[in-house]
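Student: So I've got this file, entry.cif, and it contains mmCIF, C-alpha atoms (C1' of nucleotides):
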data_entry
loop_
_atom_site.group_PDB
_atom_site.id
_atom_site.type_symbol
_atom_site.label_atom_id
_atom_site.label_comp_id
_atom_site.auth_asym_id
_atom_site.auth_seq_id
_atom_site.Cartn_x
_atom_site.Cartn_y
_atom_site.Cartn_z
ATOM 1 C CA MET A 31 -10.272 -9.926 -10.005
ATOM 2 C CA ALA A 32 -8.608 -11.408 -13.059
ATOM 3 C CA LYS A 33 -6.257 -14.353 -12.536
ATOM 4 C CA SER A 34 -3.062 -12.409 -13.045
ATOM 5 C CA MET A 35 -3.239 -8.710 -12.364
ATOM 6 C CA SER A 36 -0.015 -7.027 -13.339
ATOM 7 C CA PRO A 37 1.486 -4.435 -11.002
ATOM 8 C CA GLU A 38 0.711 -1.819 -13.645
ATOM 9 C CA LEU A 39 -2.954 -2.746 -13.746
ATOM 10 C CA LEU A 40 -3.110 -2.812 -9.959
ATOM 11 C CA THR A 41 -1.700 0.695 -9.934
ATOM 12 C CA LEU A 42 -4.439 1.852 -12.278
ATOM 13 C CA VAL A 43 -7.068 0.185 -10.116
ATOM 14 C CA ALA A 44 -5.620 1.702 -6.958
ATOM 15 C CA GLU A 45 -5.656 5.117 -8.578
ATOM 16 C CA ARG A 46 -9.382 4.784 -9.170
ATOM 17 C CA PHE A 47 -10.143 3.553 -5.687
ATOM 18 C CA LYS A 48 -8.193 6.519 -4.402
ATOM 19 C CA ALA A 49 -10.477 8.886 -6.244
ATOM 20 C CA LEU A 50 -13.361 7.487 -4.209
ATOM 21 C CA ALA A 51 -11.391 7.379 -0.970
ATOM 22 C CA ASP A 52 -12.292 10.877 0.147
ATOM 23 C CA PRO A 53 -15.455 12.039 1.947
ATOM 24 C CA ALA A 54 -15.566 15.326 0.057
ATOM 25 C CA ARG A 55 -15.521 13.637 -3.338
ATOM 26 C CA LEU A 56 -18.157 11.140 -2.221
ATOM 27 C CA ARG A 57 -20.319 14.038 -1.095
ATOM 28 C CA LEU A 58 -19.979 15.652 -4.494
ATOM 29 C CA LEU A 59 -20.911 12.418 -6.241
ATOM 30 C CA ASN A 60 -23.840 11.980 -3.891
ATOM 31 C CA VAL A 61 -25.153 15.461 -4.647
ATOM 32 C CA MET A 62 -24.937 14.687 -8.369
ATOM 33 C CA ARG A 63 -26.973 11.562 -7.916
ATOM 34 C CA PRO A 64 -30.338 13.035 -8.929
ATOM 35 C CA GLY A 65 -28.844 14.785 -11.946
ATOM 36 C CA GLU A 66 -26.319 17.259 -13.274
ATOM 37 C CA ARG A 67 -25.193 20.201 -11.186
ATOM 38 C CA THR A 68 -23.182 23.339 -11.817
ATOM 39 C CA VAL A 69 -20.022 23.948 -9.844
ATOM 40 C CA GLY A 70 -21.874 26.644 -7.929
ATOM 41 C CA ASP A 71 -24.652 24.210 -7.058
ATOM 42 C CA LEU A 72 -22.097 21.773 -5.735
ATOM 43 C CA VAL A 73 -20.421 24.497 -3.690
ATOM 44 C CA ASP A 74 -23.752 25.444 -2.149
ATOM 45 C CA GLU A 75 -24.930 21.916 -1.496
ATOM 46 C CA THR A 76 -21.693 20.665 0.025
ATOM 47 C CA GLY A 77 -20.384 23.740 1.804
ATOM 48 C CA LEU A 78 -16.956 23.175 0.289
ATOM 49 C CA SER A 79 -14.991 26.086 -1.151
ATOM 50 C CA GLN A 80 -15.164 26.792 -4.870
ATOM 51 C CA ALA A 81 -11.507 26.080 -5.462
ATOM 52 C CA ASN A 82 -11.745 22.865 -3.539
ATOM 53 C CA VAL A 83 -14.783 21.710 -5.497
ATOM 54 C CA SER A 84 -13.089 22.519 -8.796
ATOM 55 C CA LYS A 85 -10.057 20.508 -7.828
ATOM 56 C CA HIS A 86 -12.071 17.490 -6.768
ATOM 57 C CA LEU A 87 -14.150 17.658 -9.926
ATOM 58 C CA ALA A 88 -11.040 17.787 -12.075
ATOM 59 C CA GLN A 89 -9.796 14.634 -10.404
ATOM 60 C CA LEU A 90 -13.107 12.808 -10.758
ATOM 61 C CA HIS A 91 -13.348 13.914 -14.383
ATOM 62 C CA SER A 92 -9.837 12.874 -15.302
ATOM 63 C CA LEU A 93 -10.644 9.355 -14.104
ATOM 64 C CA GLY A 94 -13.965 9.254 -15.904
ATOM 65 C CA PHE A 95 -16.303 9.269 -12.915
ATOM 66 C CA VAL A 96 -18.078 12.453 -13.987
ATOM 67 C CA LYS A 97 -18.749 14.145 -17.311
ATOM 68 C CA ARG A 98 -18.869 17.880 -17.967
ATOM 69 C CA ARG A 99 -21.003 20.053 -20.185
ATOM 70 C CA LYS A 100 -20.303 23.714 -20.633
ATOM 71 C CA GLU A 101 -23.167 26.142 -21.176
ATOM 72 C CA GLY A 102 -22.298 29.810 -21.204
ATOM 73 C CA LEU A 103 -20.654 30.737 -17.975
ATOM 74 C CA PHE A 104 -21.740 27.550 -16.281
ATOM 75 C CA VAL A 105 -20.248 24.097 -16.296
ATOM 76 C CA TYR A 106 -22.572 21.219 -15.555
ATOM 77 C CA TYR A 107 -21.178 18.069 -14.014
ATOM 78 C CA ALA A 108 -22.951 14.732 -13.908
ATOM 79 C CA LEU A 109 -22.165 11.158 -12.998
ATOM 80 C CA ALA A 110 -20.638 9.392 -15.972
ATOM 81 C CA ASP A 111 -22.346 6.069 -15.287
ATOM 82 C CA LYS A 112 -23.898 3.896 -12.597
ATOM 83 C CA ASP A 113 -20.672 2.249 -11.464
ATOM 84 C CA ILE A 114 -20.408 4.498 -8.464
ATOM 85 C CA PHE A 115 -23.721 3.234 -7.144
ATOM 86 C CA ARG A 116 -22.592 -0.336 -7.500
ATOM 87 C CA LEU A 117 -19.288 0.372 -5.793
ATOM 88 C CA CYS A 118 -20.830 2.295 -2.928
ATOM 89 C CA ASP A 119 -23.548 -0.311 -2.526
ATOM 90 C CA VAL A 120 -20.927 -2.966 -1.927
ATOM 91 C CA MET A 121 -19.155 -0.799 0.630
ATOM 92 C CA CYS A 122 -22.387 0.154 2.361
ATOM 93 C CA GLY A 123 -23.350 -3.500 2.533
ATOM 94 C CA ARG A 124 -20.073 -4.212 4.272
ATOM 95 C CA ILE A 125 -20.601 -1.422 6.776
ATOM 96 C CA GLU A 126 -24.150 -2.526 7.460
ATOM 97 C CA ALA A 127 -22.971 -6.080 8.090
ATOM 98 C CA GLU A 128 -20.309 -4.778 10.444
ATOM 99 C CA LEU A 129 -22.779 -2.732 12.426
ATOM 100 C CA LYS A 130 -25.159 -5.657 12.676
ATOM 101 C CA ASP A 131 -22.358 -7.860 13.853
ATOM 102 C CA ARG A 132 -21.278 -5.316 16.396
ATOM 103 C CA ALA A 133 -24.833 -5.057 17.675
ATOM 104 C CA ARG A 134 -25.030 -8.836 17.946
ATOM 105 C CA VAL A 135 -21.835 -8.967 19.943
ATOM 106 C CA LEU A 136 -23.009 -6.199 22.226
ATOM 107 C CA LYS A 137 -26.277 -8.031 22.797
ATOM 108 C CA ALA A 138 -24.472 -11.256 23.639
ATOM 109 C CA THR A 139 -21.965 -9.506 25.879
ATOM 110 C CA GLY A 140 -24.173 -6.978 27.638
ATOM 111 C CA MET B 178 -25.792 4.803 -3.274
ATOM 112 C CA ALA B 179 -28.605 5.303 -0.793
ATOM 113 C CA LYS B 180 -30.805 8.366 -1.184
ATOM 114 C CA SER B 181 -29.338 10.296 1.699
ATOM 115 C CA MET B 182 -25.828 9.373 2.709
ATOM 116 C CA SER B 183 -24.818 11.180 5.877
ATOM 117 C CA PRO B 184 -21.346 12.676 6.087
ATOM 118 C CA GLU B 185 -20.541 10.093 8.747
ATOM 119 C CA LEU B 186 -21.503 7.217 6.481
ATOM 120 C CA LEU B 187 -19.556 8.757 3.611
ATOM 121 C CA THR B 188 -16.523 8.897 5.857
ATOM 122 C CA LEU B 189 -16.884 5.197 6.618
ATOM 123 C CA VAL B 190 -17.232 4.425 2.923
ATOM 124 C CA ALA B 191 -14.224 6.566 2.048
ATOM 125 C CA GLU B 192 -12.196 4.780 4.693
ATOM 126 C CA ARG B 193 -12.915 1.456 3.008
ATOM 127 C CA PHE B 194 -12.139 2.714 -0.464
ATOM 128 C CA LYS B 195 -8.888 4.046 0.914
ATOM 129 C CA ALA B 196 -7.927 0.565 2.083
ATOM 130 C CA LEU B 197 -8.128 -0.565 -1.538
ATOM 131 C CA ALA B 198 -6.448 2.547 -2.899
ATOM 132 C CA ASP B 199 -2.926 1.216 -2.676
ATOM 133 C CA PRO B 200 -1.072 -1.036 -5.130
ATOM 134 C CA ALA B 201 0.720 -2.956 -2.377
ATOM 135 C CA ARG B 202 -2.514 -3.886 -0.627
ATOM 136 C CA LEU B 203 -4.121 -4.868 -3.917
ATOM 137 C CA ARG B 204 -1.153 -7.085 -4.620
ATOM 138 C CA LEU B 205 -1.573 -8.767 -1.264
ATOM 139 C CA LEU B 206 -5.253 -9.350 -1.902
ATOM 140 C CA ASN B 207 -4.466 -10.667 -5.350
ATOM 141 C CA VAL B 208 -1.961 -13.161 -3.964
ATOM 142 C CA MET B 209 -4.579 -14.361 -1.492
ATOM 143 C CA ARG B 210 -7.059 -14.960 -4.265
ATOM 144 C CA PRO B 211 -6.442 -18.706 -4.666
ATOM 145 C CA GLY B 212 -6.516 -19.275 -0.925
ATOM 146 C CA GLU B 213 -5.059 -18.461 2.445
ATOM 147 C CA ARG B 214 -1.426 -17.487 2.826
ATOM 148 C CA THR B 215 0.970 -17.032 5.724
ATOM 149 C CA VAL B 216 2.627 -13.683 6.239
ATOM 150 C CA GLY B 217 5.875 -15.217 5.029
ATOM 151 C CA ASP B 218 4.184 -16.436 1.859
ATOM 152 C CA LEU B 219 2.892 -12.956 1.199
ATOM 153 C CA VAL B 220 6.327 -11.462 1.794
ATOM 154 C CA ASP B 221 7.860 -13.911 -0.678
ATOM 155 C CA GLU B 222 5.180 -13.543 -3.334
ATOM 156 C CA THR B 223 5.031 -9.770 -3.251
ATOM 157 C CA GLY B 224 8.616 -8.808 -2.513
ATOM 158 C CA LEU B 225 7.444 -6.400 0.168
ATOM 159 C CA SER B 226 9.206 -6.255 3.526
ATOM 160 C CA GLN B 227 7.817 -8.246 6.430
ATOM 161 C CA ALA B 228 7.008 -5.184 8.503
ATOM 162 C CA ASN B 229 5.292 -3.560 5.577
ATOM 163 C CA VAL B 230 3.189 -6.629 4.876
ATOM 164 C CA SER B 231 2.158 -6.871 8.519
ATOM 165 C CA LYS B 232 1.067 -3.265 8.538
ATOM 166 C CA HIS B 233 -0.987 -3.602 5.375
ATOM 167 C CA LEU B 234 -2.573 -6.810 6.645
ATOM 168 C CA ALA B 235 -3.506 -5.136 9.917
ATOM 169 C CA GLN B 236 -5.260 -2.403 7.983
ATOM 170 C CA LEU B 237 -7.090 -4.819 5.692
ATOM 171 C CA HIS B 238 -8.084 -6.929 8.681
ATOM 172 C CA SER B 239 -9.346 -4.036 10.755
ATOM 173 C CA LEU B 240 -11.707 -3.136 7.918
ATOM 174 C CA GLY B 241 -12.849 -6.694 7.416
ATOM 175 C CA PHE B 242 -11.323 -7.375 4.016
ATOM 176 C CA VAL B 243 -9.255 -10.323 5.243
ATOM 177 C CA LYS B 244 -9.605 -12.856 8.043
ATOM 178 C CA ARG B 245 -6.799 -14.373 10.099
ATOM 179 C CA ARG B 246 -6.208 -17.784 11.535
ATOM 180 C CA LYS B 247 -3.315 -18.529 13.824
ATOM 181 C CA GLU B 248 -1.647 -21.904 13.763
ATOM 182 C CA GLY B 249 1.464 -22.338 15.839
ATOM 183 C CA LEU B 250 4.039 -19.846 14.774
ATOM 184 C CA PHE B 251 2.221 -19.043 11.569
ATOM 185 C CA VAL B 252 -0.666 -16.711 10.864
ATOM 186 C CA TYR B 253 -2.795 -17.475 7.838
ATOM 187 C CA TYR B 254 -4.601 -14.664 6.091
ATOM 188 C CA ALA B 255 -7.414 -15.115 3.603
ATOM 189 C CA LEU B 256 -9.947 -12.970 1.790
ATOM 190 C CA ALA B 257 -12.970 -12.437 4.000
ATOM 191 C CA ASP B 258 -15.465 -12.570 1.138
ATOM 192 C CA LYS B 259 -15.942 -12.061 -2.579
ATOM 193 C CA ASP B 260 -16.641 -8.330 -2.409
ATOM 194 C CA ILE B 261 -13.127 -7.480 -3.476
ATOM 195 C CA PHE B 262 -13.592 -9.325 -6.743
ATOM 196 C CA ARG B 263 -16.786 -7.438 -7.455
ATOM 197 C CA LEU B 264 -15.178 -4.119 -6.621
ATOM 198 C CA CYS B 265 -12.079 -4.767 -8.689
ATOM 199 C CA ASP B 266 -14.152 -6.096 -11.558
ATOM 200 C CA VAL B 267 -16.005 -2.820 -11.747
ATOM 201 C CA MET B 268 -12.773 -0.861 -11.733
ATOM 202 C CA CYS B 269 -11.142 -3.130 -14.298
ATOM 203 C CA GLY B 270 -14.179 -2.761 -16.528
ATOM 204 C CA ARG B 271 -13.770 0.988 -16.368
ATOM 205 C CA ILE B 272 -10.093 0.788 -17.248
ATOM 206 C CA GLU B 273 -10.772 -1.591 -20.118
ATOM 207 C CA ALA B 274 -13.420 0.747 -21.494
ATOM 208 C CA GLU B 275 -10.987 3.644 -21.230
ATOM 209 C CA LEU B 276 -8.263 1.791 -23.070
ATOM 210 C CA LYS B 277 -10.678 0.773 -25.805
ATOM 211 C CA ASP B 278 -11.865 4.324 -26.142
ATOM 212 C CA ARG B 279 -8.303 5.588 -26.287
ATOM 213 C CA ALA B 280 -7.490 3.049 -29.014
ATOM 214 C CA ARG B 281 -10.559 4.150 -30.965
ATOM 215 C CA VAL B 282 -9.515 7.783 -30.780
ATOM 216 C CA LEU B 283 -5.971 6.948 -31.841
ATOM 217 C CA LYS B 284 -7.297 4.980 -34.811
ATOM 218 C CA ALA B 285 -9.533 7.840 -35.891
ATOM 219 C CA THR B 286 -6.775 10.414 -35.429
ATOM 220 C CA GLY B 287 -3.797 8.531 -36.786
ATOM 221 C "C1'" DC C 966 14.264 -22.271 30.624
ATOM 222 C "C1'" DC C 967 16.691 -20.703 26.120
ATOM 223 C "C1'" DG C 968 17.249 -19.597 21.604
ATOM 224 C "C1'" DA C 969 15.282 -19.113 17.303
ATOM 225 C "C1'" DA C 970 11.504 -18.450 14.109
ATOM 226 C "C1'" DA C 971 7.166 -15.941 12.687
ATOM 227 C "C1'" DC C 972 4.765 -12.112 13.163
ATOM 228 C "C1'" DA C 973 3.493 -7.496 15.219
ATOM 229 C "C1'" DT C 974 4.513 -2.906 16.688
ATOM 230 C "C1'" DA C 975 6.923 1.641 17.436
ATOM 231 C "C1'" DA C 976 9.509 5.470 15.901
ATOM 232 C "C1'" DC C 977 10.998 7.833 12.137
ATOM 233 C "C1'" DT C 978 11.372 9.806 7.333
ATOM 234 C "C1'" DA C 979 9.923 10.958 2.805
ATOM 235 C "C1'" DA C 980 6.341 11.558 -0.329
ATOM 236 C "C1'" DG C 981 1.687 12.532 -1.339
ATOM 237 C "C1'" DT C 982 -2.613 15.207 -0.687
ATOM 238 C "C1'" DA C 983 -6.669 18.036 0.946
ATOM 239 C "C1'" DG C 984 -7.639 22.616 1.897
ATOM 240 C "C1'" DT C 985 -6.975 27.698 1.369
ATOM 241 C "C1'" DA C 986 -5.950 32.171 -0.585
ATOM 242 C "C1'" DA C 987 -4.814 34.487 -4.438
ATOM 243 C "C1'" DT C 988 -4.781 34.822 -9.304
ATOM 244 C "C1'" DA C 989 -5.877 33.429 -14.042
ATOM 245 C "C1'" DT C 990 -9.174 32.184 -17.624
ATOM 246 C "C1'" DT C 991 -13.420 32.309 -20.083
ATOM 247 C "C1'" DA C 992 -17.833 34.036 -21.368
ATOM 248 C "C1'" DT C 993 -21.466 37.531 -21.106
ATOM 249 C "C1'" DG C 994 -23.782 41.833 -21.264
ATOM 250 C "C1'" DA C 995 -23.663 46.895 -21.081
ATOM 251 C "C1'" DT D 791 -13.876 47.429 -24.801
ATOM 252 C "C1'" DC D 792 -14.957 46.876 -19.877
ATOM 253 C "C1'" DA D 793 -16.790 45.109 -15.791
ATOM 254 C "C1'" DT D 794 -18.441 41.153 -13.886
ATOM 255 C "C1'" DA D 795 -19.707 36.418 -12.990
ATOM 256 C "C1'" DA D 796 -18.446 31.345 -13.095
ATOM 257 C "C1'" DT D 797 -14.926 28.284 -13.087
ATOM 258 C "C1'" DA D 798 -10.027 26.780 -13.231
ATOM 259 C "C1'" DT D 799 -5.359 26.996 -11.710
ATOM 260 C "C1'" DT D 800 -1.299 28.036 -8.882
ATOM 261 C "C1'" DA D 801 1.445 28.338 -4.777
ATOM 262 C "C1'" DC D 802 1.487 27.186 -0.351
ATOM 263 C "C1'" DT D 803 0.666 24.802 4.271
ATOM 264 C "C1'" DA D 804 -0.768 21.176 7.320
ATOM 265 C "C1'" DC D 805 -1.691 16.626 7.621
ATOM 266 C "C1'" DT D 806 -1.643 11.883 6.321
ATOM 267 C "C1'" DT D 807 0.624 7.751 5.047
ATOM 268 C "C1'" DA D 808 3.760 4.123 2.825
ATOM 269 C "C1'" DG D 809 8.092 2.312 3.715
ATOM 270 C "C1'" DT D 810 12.182 1.300 6.664
ATOM 271 C "C1'" DT D 811 14.748 0.059 10.792
ATOM 272 C "C1'" DA D 812 14.753 -1.534 15.089
ATOM 273 C "C1'" DT D 813 12.488 -3.767 18.740
ATOM 274 C "C1'" DG D 814 8.746 -6.425 21.054
ATOM 275 C "C1'" DT D 815 5.743 -10.561 21.427
ATOM 276 C "C1'" DT D 816 4.425 -15.240 20.911
ATOM 277 C "C1'" DT D 817 5.314 -19.999 20.088
ATOM 278 C "C1'" DC D 818 7.908 -24.053 19.838
ATOM 279 C "C1'" DG D 819 12.001 -27.336 19.824
ATOM 280 C "C1'" DG D 820 15.829 -28.794 22.491
#
Show me the file's structure as structure tokens.
Tutor:
Amino acid sequence: MAKSMSPELLTLVAERFKALADPARLRLLNVMRPGERTVGDLVDETGLSQANVSKHLAQLHSLGFVKRRKEGLFVYYALADKDIFRLCDVMCGRIEAELKDRARVLKATG
Amino acid sequence: MAKSMSPELLTLVAERFKALADPARLRLLNVMRPGERTVGDLVDETGLSQANVSKHLAQLHSLGFVKRRKEGLFVYYALADKDIFRLCDVMCGRIEAELKDRARVLKATG
DNA sequence: CCGAAACATAACTAAGTAGTAATATTATGA
DNA sequence: TCATAATATTACTACTTAGTTATGTTTCGG
């Protein structure tokens, strides 16, 4: 984090964290991991409704997390870059550490 | 992101992103960057109300982003680790790239 | 003990948001 | 041009949550 983060910058950062703060959007991003997917693919692979998927994709796209490519009737979405992996890796590392710690405590207690 | 992220894991990850998806909490974390702070310090340096600060700190603490140390009447909060810097750095990099890109487009258009 | 200071918590309100159902838009082929 | 398929958008509802006010809890000095 830079030395002095202005409230405006913090708002922009928060806005981006918020885009990743939803299980449905994370599922969509996860499905796109191997490569681009059409909206229909994403509907099928997540079980979410079409309208819901479209809305989530619009949000992820507006913040630059995914890119879109139109081909005939279909629109292909793909991850814009590898940042999401890095971000999720950090979070997963935290969760893993927590679980380990919890297991350690349980072992010591029980 | 791991190959197969279960919905449960994604929910845990989303929960943690959500903790960072608020300007007030980011401000608190930013104030704690140089070192530990009492609740009163955080109230003064952020301008948030005491109750509000306590609530945000409880949330950040429950998810392991900050640690607490009690000393007499005062409670000192501090960043639990350096993950927050890494996470915010990624987000700031994205924002910077966006702004650059927007400037480039404006230059080409105007 | 008592009062005050530091912090936490509870109850409440207002604003934001995910999901749905219905409708609109766009592109294709007959 | 028309019907249809894929996606986007709109209007709405239910739920969540940030902030406030008021109150509770803990700790210490006198």
Student: Output chain A as an mmCIF file with C-alpha atoms, keeping the file's coordinate frame, after least-squares fitting it to chain B on all in-order C-alpha pairs.
Tutor:
data_model
loop_
_atom_site.group_PDB
_atom_site.id
_atom_site.type_symbol
_atom_site.label_atom_id
_atom_site.label_comp_id
_atom_site.auth_asym_id
_atom_site.auth_seq_id
_atom_site.Cartn_x
_atom_site.Cartn_y
_atom_site.Cartn_z
ATOM 1 C CA MET A 31 -25.853 4.816 -3.272
ATOM 2 C CA ALA A 32 -28.678 5.347 -0.816
ATOM 3 C CA LYS A 33 -30.822 8.461 -1.236
ATOM 4 C CA SER A 34 -29.347 10.357 1.675
ATOM 5 C CA MET A 35 -25.858 9.381 2.700
ATOM 6 C CA SER A 36 -24.851 11.178 5.852
ATOM 7 C CA PRO A 37 -21.369 12.681 6.078
ATOM 8 C CA GLU A 38 -20.579 10.080 8.731
ATOM 9 C CA LEU A 39 -21.531 7.211 6.458
ATOM 10 C CA LEU A 40 -19.582 8.747 3.592
ATOM 11 C CA THR A 41 -16.555 8.889 5.851
ATOM 12 C CA LEU A 42 -16.903 5.196 6.610
ATOM 13 C CA VAL A 43 -17.249 4.415 2.917
ATOM 14 C CA ALA A 44 -14.243 6.556 2.049
ATOM 15 C CA GLU A 45 -12.211 4.784 4.698
ATOM 16 C CA ARG A 46 -12.922 1.469 3.009
ATOM 17 C CA PHE A 47 -12.141 2.714 -0.464
ATOM 18 C CA LYS A 48 -8.886 4.026 0.929
ATOM 19 C CA ALA A 49 -7.929 0.570 2.091
ATOM 20 C CA LEU A 50 -8.123 -0.563 -1.528
ATOM 21 C CA ALA A 51 -6.435 2.549 -2.887
ATOM 22 C CA ASP A 52 -2.907 1.210 -2.650
ATOM 23 C CA PRO A 53 -1.065 -1.040 -5.128
ATOM 24 C CA ALA A 54 0.713 -2.954 -2.379
ATOM 25 C CA ARG A 55 -2.518 -3.882 -0.623
ATOM 26 C CA LEU A 56 -4.122 -4.872 -3.921
ATOM 27 C CA ARG A 57 -1.136 -7.093 -4.621
ATOM 28 C CA LEU A 58 -1.562 -8.775 -1.265
ATOM 29 C CA LEU A 59 -5.257 -9.344 -1.899
ATOM 30 C CA ASN A 60 -4.471 -10.670 -5.351
ATOM 31 C CA VAL A 61 -1.964 -13.169 -3.978
ATOM 32 C CA MET A 62 -4.588 -14.371 -1.494
ATOM 33 C CA ARG A 63 -7.057 -14.951 -4.266
ATOM 34 C CA PRO A 64 -6.451 -18.691 -4.669
ATOM 35 C CA GLY A 65 -6.523 -19.270 -0.920
ATOM 36 C CA GLU A 66 -5.054 -18.459 2.463
ATOM 37 C CA ARG A 67 -1.420 -17.488 2.824
ATOM 38 C CA THR A 68 0.966 -17.011 5.718
ATOM 39 C CA VAL A 69 2.626 -13.658 6.223
ATOM 40 C CA GLY A 70 5.868 -15.213 5.025
ATOM 41 C CA ASP A 71 4.183 -16.449 1.858
ATOM 42 C CA LEU A 72 2.900 -12.968 1.186
ATOM 43 C CA VAL A 73 6.344 -11.484 1.775
ATOM 44 C CA ASP A 74 7.861 -13.924 -0.697
ATOM 45 C CA GLU A 75 5.182 -13.567 -3.335
ATOM 46 C CA THR A 76 5.030 -9.782 -3.272
ATOM 47 C CA GLY A 77 8.619 -8.831 -2.531
ATOM 48 C CA LEU A 78 7.442 -6.414 0.140
ATOM 49 C CA SER A 79 9.204 -6.259 3.499
ATOM 50 C CA GLN A 80 7.824 -8.239 6.420
ATOM 51 C CA ALA A 81 7.019 -5.181 8.477
ATOM 52 C CA ASN A 82 5.309 -3.570 5.550
ATOM 53 C CA VAL A 83 3.198 -6.646 4.861
ATOM 54 C CA SER A 84 2.185 -6.892 8.511
ATOM 55 C CA LYS A 85 1.088 -3.291 8.536
ATOM 56 C CA HIS A 86 -0.968 -3.620 5.381
ATOM 57 C CA LEU A 87 -2.565 -6.808 6.650
ATOM 58 C CA ALA A 88 -3.500 -5.147 9.916
ATOM 59 C CA GLN A 89 -5.246 -2.408 7.985
ATOM 60 C CA LEU A 90 -7.083 -4.814 5.691
ATOM 61 C CA HIS A 91 -8.077 -6.933 8.683
ATOM 62 C CA SER A 92 -9.337 -4.041 10.757
ATOM 63 C CA LEU A 93 -11.707 -3.136 7.923
ATOM 64 C CA GLY A 94 -12.850 -6.703 7.429
ATOM 65 C CA PHE A 95 -11.323 -7.388 4.023
ATOM 66 C CA VAL A 96 -9.250 -10.326 5.251
ATOM 67 C CA LYS A 97 -9.601 -12.855 8.051
ATOM 68 C CA ARG A 98 -6.789 -14.376 10.094
ATOM 69 C CA ARG A 99 -6.190 -17.810 11.525
ATOM 70 C CA LYS A 100 -3.305 -18.523 13.819
ATOM 71 C CA GLU A 101 -1.625 -21.923 13.755
ATOM 72 C CA GLY A 102 1.494 -22.312 15.836
ATOM 73 C CA LEU A 103 4.043 -19.795 14.763
ATOM 74 C CA PHE A 104 2.209 -19.010 11.566
ATOM 75 C CA VAL A 105 -0.678 -16.704 10.861
ATOM 76 C CA TYR A 106 -2.795 -17.478 7.835
ATOM 77 C CA TYR A 107 -4.602 -14.669 6.078
ATOM 78 C CA ALA A 108 -7.427 -15.113 3.606
ATOM 79 C CA LEU A 109 -9.948 -12.966 1.801
ATOM 80 C CA ALA A 110 -12.975 -12.430 4.003
ATOM 81 C CA ASP A 111 -15.479 -12.571 1.150
ATOM 82 C CA LYS A 112 -15.940 -12.056 -2.577
ATOM 83 C CA ASP A 113 -16.635 -8.329 -2.410
ATOM 84 C CA ILE A 114 -13.130 -7.481 -3.471
ATOM 85 C CA PHE A 115 -13.602 -9.331 -6.738
ATOM 86 C CA ARG A 116 -16.780 -7.446 -7.438
ATOM 87 C CA LEU A 117 -15.173 -4.117 -6.620
ATOM 88 C CA CYS A 118 -12.072 -4.760 -8.682
ATOM 89 C CA ASP A 119 -14.149 -6.098 -11.551
ATOM 90 C CA VAL A 120 -16.000 -2.810 -11.756
ATOM 91 C CA MET A 121 -12.753 -0.852 -11.732
ATOM 92 C CA CYS A 122 -11.127 -3.127 -14.287
ATOM 93 C CA GLY A 123 -14.161 -2.760 -16.517
ATOM 94 C CA ARG A 124 -13.740 0.991 -16.356
ATOM 95 C CA ILE A 125 -10.064 0.787 -17.240
ATOM 96 C CA GLU A 126 -10.746 -1.588 -20.099
ATOM 97 C CA ALA A 127 -13.386 0.764 -21.483
ATOM 98 C CA GLU A 128 -10.952 3.650 -21.217
ATOM 99 C CA LEU A 129 -8.243 1.798 -23.074
ATOM 100 C CA LYS A 130 -10.662 0.778 -25.793
ATOM 101 C CA ASP A 131 -11.817 4.333 -26.126
ATOM 102 C CA ARG A 132 -8.280 5.583 -26.294
ATOM 103 C CA ALA A 133 -7.491 3.048 -28.994
ATOM 104 C CA ARG A 134 -10.555 4.146 -30.945
ATOM 105 C CA VAL A 135 -9.508 7.763 -30.761
ATOM 106 C CA LEU A 136 -5.988 6.922 -31.836
ATOM 107 C CA LYS A 137 -7.337 4.957 -34.782
ATOM 108 C CA ALA A 138 -9.567 7.832 -35.845
ATOM 109 C CA THR A 139 -6.819 10.401 -35.383
ATOM 110 C CA GLY A 140 -3.812 8.528 -36.729
#
Student: Using only C-alpha atoms, find the residues of chain B whose closest atom to chain A is at most 7 Å away, then write them as a ChimeraX atom specification.
Tutor: /B:178,187-188,190-192,194-195,197-200,203,260,262,264-269
Student: Would you kindly report the residues of chain C within 8 Å of chain B, using only C-alpha atoms (C1' of nucleotides), as a CSV table (one decimal) with C-alpha atoms (C1' of nucleotides), in the frame of the given file?
Tutor:
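Writing the result to iface_35.csv gives the following:
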chain,number,residue,atom,x,y,z
C,970,DA,C1',11.5,-18.4,14.1
C,971,DA,C1',7.2,-15.9,12.7
C,972,DC,C1',4.8,-12.1,13.2
C,973,DA,C1',3.5,-7.5,15.2
Student: Could you list, as a list in words, every residue matched by the PyMOL selection byres ((chain D) within 8 of (chain B)) in this structure?
Tutor: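 Matching residues under the PyMOL selection byres ((chain D) within 8 of (chain B)) are DG809, DT816, DT817 and DC818 of chain D.
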Student: Which residues, named as in the file, does the PyMOL selection byres ((chain C and resi 995) around 12) pick out? Answer as an mmCIF file with C-alpha atoms (C1' of nucleotides), in the frame of the given file.
Tutor:
data_model
loop_
_atom_site.group_PDB
_atom_site.id
_atom_site.type_symbol
_atom_site.label_atom_id
_atom_site.label_comp_id
_atom_site.auth_asym_id
_atom_site.auth_seq_id
_atom_site.Cartn_x
_atom_site.Cartn_y
_atom_site.Cartn_z
ATOM 1 C "C1'" DT C 993 -21.466 37.531 -21.106
ATOM 2 C "C1'" DG C 994 -23.782 41.833 -21.264
ATOM 3 C "C1'" DT D 791 -13.876 47.429 -24.801
ATOM 4 C "C1'" DC D 792 -14.957 46.876 -19.877
ATOM 5 C "C1'" DA D 793 -16.790 45.109 -15.791
ATOM 6 C "C1'" DT D 794 -18.441 41.153 -13.886
#
Student: What does the distance from CA of Asp71 in chain A to CA of Gln89 in chain A come to in Å, to one decimal?
Tutor: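 So the two atoms, CA of Asp71 in chain A and CA of Gln89 in chain A, lie 18.0 Å apart.
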Student: Can you tell me, as a PyMOL selection string, which residues sit within 12 Å of (-10.2, 37.9, -8.6) in the file's frame, using only C-alpha atoms (C1' of nucleotides)?
Tutor: (chain C and resi 986-990) or (chain D and resi 794-797)
